[in-house]
$ cat data.cif   # mmCIF, C-alpha atoms
data_input
#
loop_
_atom_site.label_atom_id
_atom_site.label_comp_id
_atom_site.auth_asym_id
_atom_site.auth_seq_id
_atom_site.Cartn_x
_atom_site.Cartn_y
_atom_site.Cartn_z
CA MET A 168 132.78 227.88 -44.82
CA TRP A 169 129.42 228.96 -43.44
CA ILE A 170 129.93 226.80 -40.39
CA GLY A 171 133.24 228.57 -39.81
CA ILE A 172 131.63 231.99 -40.03
CA ALA A 173 128.79 230.88 -37.77
CA ILE A 174 131.21 229.59 -35.15
CA ALA A 175 133.17 232.86 -35.24
CA VAL A 176 130.02 234.98 -34.89
CA VAL A 177 128.69 232.84 -32.04
CA THR A 178 132.04 232.96 -30.26
CA ILE A 179 132.37 236.72 -30.39
CA THR A 180 128.74 237.15 -29.37
CA GLY A 181 129.30 234.70 -26.55
CA ILE A 182 132.34 236.57 -25.26
CA ALA A 183 130.50 239.88 -25.38
CA LEU A 184 127.47 238.38 -23.65
CA ALA A 185 129.59 236.79 -20.94
CA ALA A 186 131.40 240.05 -20.33
CA GLY A 187 128.10 241.90 -20.12
CA LEU A 188 126.63 239.40 -17.66
CA VAL A 189 129.70 239.48 -15.45
CA LEU A 190 129.73 243.27 -15.40
CA GLY A 191 126.03 243.44 -14.63
CA PHE A 192 126.40 240.94 -11.81
CA ILE A 193 129.35 242.81 -10.32
CA SER A 194 127.60 246.12 -10.70
CA ARG A 195 124.68 244.90 -8.63
CA ARG A 196 126.57 242.94 -6.01
CA LEU A 197 129.33 245.38 -5.14
CA PRO A 198 128.65 247.08 -1.82
CA GLY A 199 127.81 250.67 -2.52
CA ASN A 200 128.25 252.07 0.99
CA SER A 201 127.48 255.73 0.65
CA GLY A 202 128.18 255.34 -3.06
CA ASP A 203 124.80 253.76 -3.52
CA LEU A 204 123.05 256.64 -1.84
CA VAL A 205 125.10 259.20 -3.74
CA GLU A 206 124.05 257.48 -6.94
CA ARG A 207 120.41 257.61 -5.95
CA VAL A 208 120.61 261.26 -4.98
CA ASN A 209 122.43 262.02 -8.22
CA GLU A 210 119.66 260.36 -10.18
CA LEU A 211 117.13 262.75 -8.68
CA LEU A 212 119.14 265.79 -9.77
CA PRO A 213 118.49 267.25 -13.24
CA GLN A 214 122.07 266.64 -14.54
CA THR A 215 122.25 270.15 -15.89
CA GLN A 216 125.81 270.48 -14.45
CA CYS A 217 125.23 274.22 -14.16
CA ALA A 218 127.07 274.68 -10.82
CA GLN A 219 124.41 277.04 -9.49
CA CYS A 220 124.35 275.03 -6.26
CA GLY A 221 127.99 276.00 -5.71
CA TYR A 222 129.35 272.54 -6.54
CA PRO A 223 131.06 271.81 -9.86
CA GLY A 224 128.37 269.43 -11.07
CA CYS A 225 125.40 267.33 -10.00
CA ARG A 226 127.38 264.40 -8.66
CA PRO A 227 129.58 266.54 -6.34
CA TYR A 228 126.43 268.18 -5.03
CA ALA A 229 124.88 264.73 -4.50
CA THR A 230 127.99 263.69 -2.57
CA ALA A 231 127.77 266.80 -0.41
CA ILE A 232 124.10 266.15 0.29
CA VAL A 233 124.87 262.61 1.45
CA ASP A 234 127.77 263.88 3.56
CA ASP A 235 125.31 266.24 5.19
CA SER A 236 127.45 269.24 4.23
CA ALA A 237 124.84 270.72 1.89
CA PRO A 238 121.10 271.37 2.23
CA VAL A 239 118.76 269.80 -0.28
CA ASN A 240 117.36 273.02 -1.66
CA LEU A 241 120.28 274.45 -3.65
CA CYS A 242 119.20 273.30 -7.14
CA PRO A 243 117.21 275.91 -9.14
CA PRO A 244 116.83 273.83 -12.32
CA GLY A 245 115.47 270.99 -10.20
CA GLY A 246 112.93 273.25 -8.60
CA ASP A 247 110.57 272.41 -5.77
CA GLU A 248 109.84 268.97 -7.11
CA THR A 249 113.47 267.92 -6.77
CA VAL A 250 113.69 269.38 -3.25
CA ARG A 251 110.62 267.37 -2.28
CA ARG A 252 112.03 264.14 -3.73
CA LEU A 253 115.43 264.62 -2.11
CA ALA A 254 113.84 265.40 1.23
CA ALA A 255 111.69 262.28 0.94
CA LEU A 256 114.70 260.11 0.06
CA LEU A 257 116.86 261.38 2.89
CA GLY A 258 114.28 262.01 5.56
CA ARG A 259 114.91 265.73 5.76
CA GLU A 260 112.71 268.80 5.81
CA PRO A 261 111.85 270.20 2.38
CA LEU A 262 112.79 273.86 2.11
CA PRO A 263 112.03 276.45 -0.56
CA VAL A 264 114.59 276.47 -3.35
CA ALA A 265 117.49 278.79 -2.51
CA THR A 266 117.82 281.65 -4.94
CA SER A 267 121.08 281.83 -6.84
CA ALA A 268 123.49 284.74 -6.64
CA SER A 269 121.84 286.64 -9.47
CA PRO A 270 118.54 288.48 -8.92
CA ALA A 271 116.72 285.89 -11.02
CA SER A 272 114.48 283.68 -8.90
CA PRO A 273 113.59 280.07 -9.71
CA GLY A 274 111.16 279.64 -12.52
CA CYS A 275 112.99 282.09 -14.75
CA VAL A 276 114.00 281.44 -18.29
CA ALA A 277 116.70 283.05 -20.39
CA VAL A 278 115.65 285.51 -23.03
CA ILE A 279 117.87 286.63 -25.90
CA ASP A 280 117.60 290.24 -27.02
CA GLU A 281 117.47 289.67 -30.76
CA SER A 282 118.49 293.19 -31.65
CA LEU A 283 121.88 292.55 -30.04
CA CYS A 284 122.52 288.94 -31.02
CA ILE A 285 125.48 288.46 -33.34
CA GLY A 286 124.99 284.74 -33.90
CA CYS A 287 128.31 283.67 -32.38
CA SER A 288 126.75 280.45 -30.97
CA TRP A 289 128.69 280.60 -27.71
CA CYS A 290 125.42 280.47 -25.75
CA ARG A 291 124.10 277.58 -27.77
CA ASP A 292 127.21 275.55 -27.04
CA ALA A 293 126.96 276.38 -23.33
CA CYS A 294 123.38 275.25 -22.88
CA PRO A 295 123.29 271.81 -21.22
CA VAL A 296 119.70 271.06 -22.27
CA ASP A 297 119.91 272.39 -25.86
CA ALA A 298 117.32 275.06 -25.21
CA ILE A 299 118.95 277.58 -27.55
CA THR A 300 118.40 277.24 -31.23
CA GLY A 301 120.22 279.02 -34.02
CA ALA A 302 122.90 278.47 -36.58
CA HIS A 303 126.25 280.20 -36.74
CA HIS A 304 125.87 283.84 -37.82
CA PHE A 305 122.11 283.50 -37.75
CA MET A 306 119.72 284.72 -35.06
CA HIS A 307 119.63 282.70 -31.86
CA THR A 308 116.65 282.29 -29.59
CA VAL A 309 115.83 280.46 -26.37
CA ILE A 310 113.11 277.83 -26.42
CA ALA A 311 111.35 278.85 -23.22
CA SER A 312 109.72 275.48 -22.58
CA GLU A 313 113.13 273.78 -22.57
CA CYS A 314 115.03 276.35 -20.51
CA THR A 315 115.74 275.26 -16.91
CA GLY A 316 116.99 278.65 -15.76
CA CYS A 317 120.51 277.43 -15.06
CA GLU A 318 121.99 280.72 -16.33
CA LEU A 319 125.06 279.11 -17.94
CA CYS A 320 124.41 281.02 -21.15
CA VAL A 321 124.19 284.47 -19.58
CA ALA A 322 127.90 284.76 -18.83
CA ARG A 323 128.95 283.36 -22.21
CA CYS A 324 127.33 285.99 -24.39
CA PRO A 325 130.00 288.44 -25.64
CA VAL A 326 127.46 291.18 -26.31
CA ASP A 327 125.49 290.62 -23.07
CA CYS A 328 122.22 290.06 -24.89
CA ILE A 329 120.84 287.34 -22.61
CA ALA A 330 118.77 288.19 -19.57
CA MET A 331 116.68 286.14 -17.17
CA ALA A 332 112.96 286.83 -17.15
CA ALA A 333 110.03 285.28 -15.33
CA ALA A 334 108.51 282.36 -17.19
CA ARG A 335 105.00 282.96 -18.42
CA MET B 49 161.05 231.36 -10.74
CA THR B 50 164.12 233.23 -11.99
CA ASP B 51 162.64 233.53 -15.45
CA LEU B 52 159.61 235.28 -13.94
CA ILE B 53 161.89 237.76 -12.15
CA LEU B 54 163.77 238.23 -15.40
CA ILE B 55 160.53 238.99 -17.21
CA LEU B 56 159.76 241.63 -14.58
CA VAL B 57 163.16 243.30 -14.93
CA ALA B 58 162.97 243.08 -18.69
CA THR B 59 159.57 244.75 -18.99
CA VAL B 60 160.12 247.38 -16.30
CA LEU B 61 163.57 248.53 -17.33
CA VAL B 62 165.06 246.96 -20.43
CA ASN B 63 162.04 246.85 -22.72
CA ASN B 64 160.03 249.52 -21.00
CA PHE B 65 156.71 249.84 -22.78
CA LEU B 66 156.59 253.60 -22.78
CA LEU B 67 160.16 254.62 -23.45
CA VAL B 68 161.59 251.75 -25.44
CA ARG B 69 158.62 250.23 -27.22
CA PHE B 70 156.76 253.56 -27.44
CA LEU B 71 153.36 252.08 -26.60
CA GLY B 72 150.79 253.84 -24.43
CA LEU B 73 151.98 257.37 -25.09
CA CYS B 74 148.54 258.98 -24.90
CA PRO B 75 148.12 258.82 -21.13
CA PHE B 76 151.84 259.42 -20.82
CA LEU B 77 151.43 262.90 -22.28
CA GLY B 78 147.85 263.44 -21.27
CA VAL B 79 147.74 262.60 -17.57
CA SER B 80 151.25 263.55 -16.55
CA ARG B 81 150.71 267.19 -15.67
CA ASN B 82 149.74 266.35 -12.12
CA LEU B 83 151.58 263.88 -9.92
CA GLU B 84 148.49 262.69 -8.08
CA ALA B 85 146.56 262.07 -11.27
CA ALA B 86 149.55 260.29 -12.77
CA PHE B 87 149.85 258.00 -9.77
CA GLY B 88 146.16 257.17 -9.78
CA MET B 89 146.13 256.65 -13.53
CA SER B 90 149.06 254.26 -13.37
CA LEU B 91 147.33 252.27 -10.63
CA ALA B 92 144.19 251.99 -12.72
CA THR B 93 146.16 251.05 -15.84
CA ALA B 94 148.14 248.48 -13.86
CA PHE B 95 144.95 246.86 -12.68
CA VAL B 96 143.43 246.78 -16.16
CA LEU B 97 146.66 245.57 -17.78
CA THR B 98 147.24 242.69 -15.39
CA LEU B 99 143.62 241.60 -15.40
CA SER B 100 143.20 241.78 -19.15
CA SER B 101 146.49 240.08 -19.94
CA ALA B 102 145.46 237.17 -17.72
CA VAL B 103 141.93 236.91 -19.11
CA SER B 104 143.11 237.38 -22.71
CA TYR B 105 145.60 234.58 -22.29
CA LEU B 106 142.98 232.23 -20.90
CA LEU B 107 140.50 233.19 -23.60
CA HIS B 108 143.04 232.62 -26.34
CA GLU B 109 144.34 229.36 -24.94
CA TYR B 110 141.05 227.71 -24.03
CA LEU B 111 138.57 229.19 -26.47
CA LEU B 112 140.19 230.57 -29.59
CA VAL B 113 142.85 227.94 -30.16
CA PRO B 114 140.59 224.87 -29.78
CA LEU B 115 138.03 226.42 -32.13
CA GLU B 116 140.79 227.48 -34.57
CA LEU B 117 139.70 231.10 -34.31
CA GLU B 118 143.12 232.71 -33.69
CA TYR B 119 142.39 235.29 -36.34
CA LEU B 120 139.74 236.71 -33.99
CA ARG B 121 142.22 237.52 -31.28
CA THR B 122 142.42 241.26 -31.85
CA ILE B 123 138.70 241.79 -31.60
CA SER B 124 138.21 239.43 -28.69
CA PHE B 125 141.12 240.98 -26.79
CA ILE B 126 139.54 244.39 -27.34
CA LEU B 127 136.30 243.01 -25.87
CA VAL B 128 138.15 241.69 -22.85
CA ILE B 129 139.98 245.00 -22.39
CA ALA B 130 136.79 247.02 -22.67
CA ALA B 131 135.13 244.78 -20.09
CA SER B 132 138.14 245.11 -17.76
CA VAL B 133 138.06 248.88 -18.10
CA GLN B 134 134.37 248.98 -17.29
CA PHE B 135 135.01 246.73 -14.30
CA THR B 136 137.76 249.07 -13.13
CA GLU B 137 135.48 252.05 -13.53
CA ILE B 138 132.77 250.39 -11.45
CA MET B 139 135.30 249.49 -8.75
CA VAL B 140 136.81 252.97 -8.64
CA ARG B 141 133.44 254.64 -8.47
CA ARG B 142 132.15 252.39 -5.69
CA LEU B 143 135.25 251.99 -3.60
CA SER B 144 137.01 255.34 -3.85
CA PRO B 145 134.98 258.44 -4.70
CA LEU B 146 138.10 260.49 -4.05
CA LEU B 147 140.03 258.69 -6.76
CA ASN B 148 136.96 258.99 -8.95
CA GLU B 149 137.16 262.78 -8.66
CA VAL B 150 140.73 262.79 -9.89
CA LEU B 151 140.62 260.02 -12.44
CA GLY B 152 137.04 259.43 -13.40
CA ILE B 153 137.36 260.90 -16.88
CA TYR B 154 140.56 259.11 -17.73
CA ILE B 155 139.55 255.53 -16.98
CA PRO B 156 137.62 254.91 -20.20
CA LEU B 157 140.73 256.11 -22.04
CA ILE B 158 142.62 253.09 -20.76
CA ALA B 159 140.60 251.05 -23.20
CA THR B 160 142.33 252.85 -26.06
CA ASN B 161 145.75 252.54 -24.47
CA CYS B 162 147.74 250.60 -27.06
CA ALA B 163 150.04 249.20 -24.38
CA VAL B 164 147.15 247.16 -22.99
CA LEU B 165 146.34 245.58 -26.33
CA GLY B 166 150.06 245.36 -27.06
CA VAL B 167 150.69 243.28 -23.95
CA ALA B 168 147.84 240.92 -24.77
CA LEU B 169 149.01 240.41 -28.34
CA LEU B 170 152.68 240.09 -27.40
CA ASN B 171 151.81 237.39 -24.89
CA VAL B 172 150.25 235.38 -27.66
CA GLN B 173 152.91 236.13 -30.28
CA GLU B 174 155.74 235.09 -28.01
CA ALA B 175 153.82 231.99 -26.89
CA LYS B 176 154.23 232.53 -23.16
CA GLY B 177 152.68 230.40 -20.45
CA PHE B 178 150.02 231.68 -18.06
CA ALA B 179 152.34 232.76 -15.23
CA GLN B 180 154.69 234.44 -17.69
CA SER B 181 151.78 236.30 -19.29
CA VAL B 182 150.55 237.62 -15.97
CA PHE B 183 154.05 238.65 -14.91
CA PHE B 184 154.58 240.26 -18.31
CA GLY B 185 151.39 242.27 -17.83
CA PHE B 186 152.32 243.20 -14.31
CA GLY B 187 155.84 244.16 -15.36
CA ALA B 188 154.51 246.25 -18.23
CA SER B 189 152.21 248.13 -15.88
CA ALA B 190 154.98 248.57 -13.30
CA GLY B 191 157.24 250.03 -16.00
CA PHE B 192 154.39 252.22 -17.21
CA ALA B 193 153.74 253.42 -13.66
CA LEU B 194 157.40 254.10 -12.99
CA VAL B 195 157.89 256.19 -16.10
CA LEU B 196 154.55 257.99 -15.78
CA VAL B 197 155.25 259.06 -12.19
CA MET B 198 158.80 260.10 -13.03
CA PHE B 199 157.60 262.11 -15.99
CA ALA B 200 154.85 263.77 -13.98
CA ALA B 201 157.42 264.77 -11.35
CA VAL B 202 159.67 266.26 -14.03
CA ARG B 203 156.79 268.11 -15.65
CA GLU B 204 155.76 269.62 -12.34
CA LYS B 205 159.28 270.98 -11.98
CA LEU B 206 159.24 272.25 -15.55
CA ILE B 207 156.38 274.57 -14.74
CA SER B 208 158.68 276.81 -12.72
CA ALA B 209 161.60 276.55 -15.12
CA ASP B 210 162.59 279.27 -17.57
CA ILE B 211 161.72 277.64 -20.89
CA PRO B 212 162.14 279.44 -24.23
CA LEU B 213 158.81 280.43 -25.73
CA PRO B 214 158.79 278.04 -28.73
CA PHE B 215 159.40 275.08 -26.42
CA ARG B 216 156.76 275.66 -23.79
CA GLY B 217 154.06 273.11 -23.21
CA THR B 218 154.02 269.90 -25.19
CA ALA B 219 157.31 270.57 -26.99
CA ILE B 220 159.48 270.55 -23.89
CA ALA B 221 157.50 267.57 -22.59
CA LEU B 222 158.33 265.59 -25.71
CA VAL B 223 162.01 266.61 -25.54
CA THR B 224 162.09 265.45 -21.93
CA ALA B 225 160.44 262.19 -22.89
CA GLY B 226 163.06 261.69 -25.58
CA ILE B 227 165.90 262.23 -23.13
CA MET B 228 164.31 259.81 -20.68
CA SER B 229 163.97 257.30 -23.48
CA LEU B 230 167.66 257.64 -24.26
CA ALA B 231 168.43 256.98 -20.63
CA PHE B 232 166.25 253.88 -20.56
CA MET B 233 167.82 252.55 -23.72
CA GLY B 234 171.00 252.33 -21.70
CA PHE B 235 169.39 249.41 -19.87
CA SER B 236 169.51 247.29 -22.99
CA GLY B 237 173.00 246.26 -22.03
CA MET B 238 171.47 244.37 -19.11
CA ALA B 239 169.86 241.86 -21.45
CA ARG B 240 173.07 239.90 -21.86
CA PRO B 241 173.84 237.87 -18.71
#
$ encode --input "data.cif" --output "C-alpha cells"
Amino acid sequence: MWIGIAIAVVTITGIALAAGLVLGFISRRLPGNSGDLVERVNELLPQTQCAQCGYPGCRPYATAIVDDSAPVNLCPPGGDETVRRLAALLGREPLPVATSASPASPGCVAVIDESLCIGCSWCRDACPVDAITGAHHFMHTVIASECTGCELCVARCPVDCIAMAAAR
Amino acid sequence: MTDLILILVATVLVNNFLLVRFLGLCPFLGVSRNLEAAFGMSLATAFVLTLSSAVSYLLHEYLLVPLELEYLRTISFILVIAASVQFTEIMVRRLSPLLNEVLGIYIPLIATNCAVLGVALLNVQEAKGFAQSVFFGFGASAGFALVLVMFAAVREKLISADIPLPFRGTAIALVTAGIMSLAFMGFSGMARP
C-alpha cells in the first residue's frame, strides 16, 4: 500500500516538474522580438498602474516607450531614478520627470484631512501600494513613506478630503 | 478517415459542447460581449483544448495506465491543462501583443473552462485512439468557437434592440443561449445515418 502511494506521489510530482521544466525552457527560448524589450522596460517601471503617464497601465506605457511614441520621463511614481534607468536601457537622453496634469509636482504625497474623513475606505481600495491605512468607518490616514504620489486616491474620495502636499 | 470526419461533425454540430452538453459556459457568457474578444478567446481555447487533449491522452495511455494510476487522471489532466494554458499565455504575450491587449486577462480562465477538462476525460471514458482524441478536441474547440462567435454577434445586435427592462443584460443573453441551444438540438437527427 505504501509503495502504491509513493508511486502516485512521485508520478504527480514528476508530471508537475516536467511541465515546469518545459515551460521554463520555452519561456527562455522563445524569440521575444520587441516583446523582450517591452518586458525589460516594464520591469523598470514601478507597476503602480496609476495611468498618470497617460497610458492605461505600466505595460502599455512600456510598449509605447519601445515603439518610440512616448518619452521616458512620464512616470511620476518612478521619479528621476526610473527616468535614468530607462534612458540607460534605451540609449536616450534622461529628462526631468514631466509633471502630471494636477498642480502637484513629483515628490508629493497624499494627505488626508482627518476632519473631513468619513471612513468610507474608497481611497484605501484605490491605492495600488497600500499606503492608506484605516478600517471601514474608522479614520483613514496616508502612510507618507509608502505613498508614491500617483494621485489615484484623490479622485475617489467622496468628500474631497485628500490633497497632494510636498513630501517632507 | 470517415470516422474522423464524423467525429468532427458530431462534436461541432450534433453534440456541441456549449449548447448541447452545456460545458464551458463561463467564457460563453463572459467573453461574448465583444466580437473581437470572442474570436480571440475561441482561438486561444481551441489551441489549449487541442494541445491538452493530445497530451492528456498520451499521458494517460503511456504513464497512468502502465502504472495502474487511472484514479489520478483528473488531477494529472488538470496539471496538463494548467501547463497548456501557461504555454498559451507565454505564446500570446510574445507573439501577439495586440491579442494580449484584448485577451490577456481571459487566458488564465481557460484553465477553469470545464469543456477542456471534459474533453480530456471524455476521451478516456470513451476509450478513443490518439487520432480520434485529437480530432475530438479539435472538433470541440471548433464547435465552441462557432457558437461563441455567433453568440457574440447576436449580443452585439442586442445592444441596440428594444429589450424590456427586466430582461436586459444577462437575462436576455441566457434566453438567447437557450433558443440557440434548441436550434442546435435539431442537429441530433443527423446522428442516424
$ closest_atom_pairs --input "data.cif" --of "chain A" --to "chain B" --cutoff "10 Å" --atoms "only C-alpha atoms" --output "CSV"
residue,atom,partner,partner_atom,distance
A:Gly171,CA,B:Leu117,CA,8.9
A:Ile172,CA,B:Leu117,CA,9.9
A:Ile174,CA,B:Leu115,CA,8.1
A:Ala175,CA,B:Leu117,CA,6.8
A:Val176,CA,B:Leu120,CA,9.9
A:Thr178,CA,B:Leu111,CA,8.4
A:Ile179,CA,B:Ser124,CA,6.7
A:Thr180,CA,B:Ser124,CA,9.8
A:Ile182,CA,B:Ser124,CA,7.4
A:Ala183,CA,B:Leu127,CA,6.6
A:Ala185,CA,B:Ala131,CA,9.8
A:Ala186,CA,B:Ala131,CA,6.0
A:Gly187,CA,B:Ala131,CA,7.6
A:Val189,CA,B:Ala131,CA,8.9
A:Leu190,CA,B:Phe135,CA,6.4
A:Gly191,CA,B:Phe135,CA,9.6
A:Ile193,CA,B:Phe135,CA,8.0
A:Ser194,CA,B:Ile138,CA,6.7
A:Leu197,CA,B:Arg142,CA,7.6
A:Pro198,CA,B:Arg142,CA,7.4
A:Gly199,CA,B:Arg142,CA,5.6
A:Asn200,CA,B:Arg142,CA,7.7
A:Ser201,CA,B:Arg142,CA,8.6
A:Gly202,CA,B:Arg142,CA,5.6
A:Asp203,CA,B:Arg142,CA,7.8
A:Val205,CA,B:Pro145,CA,10.0
A:Glu206,CA,B:Arg142,CA,9.6
A:Arg226,CA,B:Glu149,CA,9.9
A:Pro227,CA,B:Glu149,CA,8.8
A:Thr230,CA,B:Pro145,CA,9.0
$ resolve_selection --input "data.cif" --expression "the PyMOL selection byres ((chain B and resi 62-69) around 8)" --output "PyMOL selection string"
chain B and resi 57-61+70-73+76+163+188+191-192+195+225-226+228-229+232-233+235-236+238-239
$ resolve_selection --input "data.cif" --expression "the PyMOL selection byres ((chain A and resi 232) around 10)" --output "list of chain:residue names"
A:Leu204, A:Val205, A:Val208, A:Asn209, A:Arg226, A:Pro227, A:Tyr228, A:Ala229, A:Thr230, A:Ala231, A:Val233, A:Asp234, A:Asp235, A:Ser236, A:Ala237, A:Pro238, A:Val239, A:Asn240, A:Leu241, A:Leu253, A:Leu257
$ atom_distance --input "data.cif" --atom1 "CA of Pro223 in chain A" --atom2 "CA of Glu313 in chain A"
22.1 Å
$ resolve_selection --input "data.cif" --expression "the PyMOL selection byres ((chain A and resi 285) around 12)" --output "PyMOL selection string"
chain A and resi 279-284+286-290+301-308+324-329
$ atom_distance --input "data.cif" --atom1 "CA of Ser90 in chain B" --atom2 "CA of Ala231 in chain B"
20.9 Å
